[in-house]
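*Asks:* Handing you a structure now.
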Amino acid sequence: LIMPLAMWKWTCLVSHLLLSTTVSPLGRQQPPHPKRPFLTFTGEQAEGNFNHLVVDERTGHIYLGAVNRIYKLSSDLKVLVTHETGPDDDNPKCYPPRIVQTCNEPLTPTNNINKMLLIDYKENRLIACGSLYQGICKLLRLDDLFKLGEPFHKKEHYLSGVNESGSVFGVIVSYSNMDDKLFIATAVDGKPEYFPTISSRKLTKNSEADGMFAYVFHDEFVASMIKIPSDTFTIIPDFDIYYIYGFSSGNFVYFLTLQPEMISPPGSTTKEQVYTSKLVRLCKEDTAFNSYVEVPIGCEKNGVEYRLLQAAYLSKAGAILARSLDVGPEDDILFTVFSKGQKRKMKSLDESALCIFVLKNINDRIKDRLQSCYRGEGTLDLAWLKVKDIPCSSALLTIDDNFCGLDMNAPLGVSSMVRGLPIFTEDGDRMTSVIAYVYKNHSLAFVGTKSGKLKK
């Protein structure tokens, strides 16, 4: 099994993985590799689950976000530093948190679940966001996990009220001559008046600066954010947008989401709730978020639809895969895992599919949609903003690959689904995670399953 050292240890850390039987290019099953010892790390049992993990691509050091702890590990999984993040007295109904003003709700010792872990390479620090106090983030020095800052004085410092580890996704956009930006996407858990579902924040050089995590732009009418309207919850009471993955590519930032919709089944007069997987795209430089576009994505094989997104990973095509897809070897490819159907978000079916998308093809579909809308064709078609029937407005302008929107025809939805190319299906042991990379012109994918197996 050929694998970069850091990636090998990354897979070993998460759980005791068993190598599954591999399939040769001709479809013949090969015997499993002989068992070999795994390097493992076990935290204190009282802490519960590990939540997030990042690897420093320069040093190979591993940063692990757990309940009430941040660990720094060596590349052979030895503990180098530990930083405690909780527990502390809190109540999720306190907003603003009691560290800012007195709260009348009863306070109880509360665990701090790590919700986001990002390496800010430019400033040599770790951004570690937890569940305490409506989503406060700490900025820790990479070398020794010394706390450089913990902004909590303004409402912008509370990033998410959801107390689950998979509820927040962040993407850093870095610049050489100015402060970086942090795009934050989060489930809002019924609190749209408090938390934008997507926003862009300032990452100041000084970790204790007043402007840390402030919106990139904010005035009386416009801000660098998208908020879910409160009246959306009257139609779908448990509405939320769940963010599965995020990345930047070219001039854009992307998030892959799962969100509920009400649809009318064929031949039925009543509506039912289903989940739709969508890709969301924003321009990196769009301070007013006029470039917001979302497009449904899914997969189908042998008449079976796979629509519930489980995991995703951005990689390059590599020379061999690129030839079969008619793209360049450096083109961006999205490896995605979907489970069957689109109704059971919390209890996904075990049938799942590994599918690939060419990012350029998705962008081409978005450009076509933008061009048609600015010709005045169709409606904005974004159900969760209750603007599904607002007609597109025509405007005489050229829309190229890098068009970033105007204060019209936004936010915009694409109605037709972009279908991925299914390359592998699993009927019994649901695929739950994926990573990929290129090795000697081959594009390789590693998939983790519900039962803890690793498929290459």
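If you're wondering about the labels, chains in the structure tokens are A, B, ... by order shown, residues count from 1 in each chain, ligands from 1 in order shown.
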Excluding Phe403 of chain A and any residue of its chain fewer than 6 positions from it, enumerate the residues within 9 Å of it, using only C-alpha atoms, and give them as a PyMOL selection string.

*Replies:* chain A and resi 283+291+367+370

*Asks:* Can you list every residue in segment 115-147 of chain A that DSSP puts in strand (DSSP E), as an MDAnalysis selection string?

*Replies:* chainID A and resid 115:120 125:130 137:141 147

*Asks:* Taking into account only C-alpha atoms, which residue in the set A:Asp401, A:Asp368, A:Glu351, A:Glu44 is nearest to Thr449 of chain A?

*Replies:*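 Among the listed residues, the smallest separation from Thr449 of chain A belongs to A:Glu351.
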
*Asks:* Smallest atom-to-atom distance to Glu294 of chain A: which of A:Val222, A:Ala410, A:Leu182, A:Ile390, using only C-alpha atoms?

*Replies:*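 For Glu294 of chain A, the nearest of the given residues is A:Ala410.
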
*Asks:* Would you pick out the contacts of Lys278 of chain A at 8 Å or less, using only C-alpha atoms, so that residues sharing its chain but fewer than 3 positions from it are not included, and give the list as number ranges by chain?

*Replies:* A: 256-259, 294-297

*Asks:* Could the residues in this selection be written to a file with C-alpha atoms, as an mmCIF file, in the first residue's frame?

*Replies:*
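Writing done, so here's part_11.cif:
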```
data_model
loop_
_atom_site.group_PDB
_atom_site.id
_atom_site.type_symbol
_atom_site.label_atom_id
_atom_site.label_comp_id
_atom_site.auth_asym_id
_atom_site.auth_seq_id
_atom_site.Cartn_x
_atom_site.Cartn_y
_atom_site.Cartn_z
ATOM 1 C CA LEU A 256 -20.884 21.276 -0.314
ATOM 2 C CA THR A 257 -24.154 21.168 1.587
ATOM 3 C CA LEU A 258 -27.133 19.081 2.530
ATOM 4 C CA GLN A 259 -30.427 20.917 3.011
ATOM 5 C CA GLU A 294 -26.058 27.012 -5.522
ATOM 6 C CA VAL A 295 -26.471 23.998 -7.775
ATOM 7 C CA PRO A 296 -27.909 20.574 -6.866
ATOM 8 C CA ILE A 297 -25.558 17.619 -7.245
#
```

*Asks:* Could you pull out the alpha helix (DSSP H) residues of segment 204-246 of chain A, going by DSSP on the backbone, and write them as a list of chain:residue names?

*Replies:* A:Thr232, A:Phe233, A:Thr234, A:Ile235

*Asks:* Using only C-alpha atoms, which protein or nucleic acid residues come within 9 Å of segment 233-238 of chain A? Drop anything in the same chain fewer than 6 positions from it, and give the result as a ChimeraX atom specification.

*Replies:* /A:189-190,260-262,273
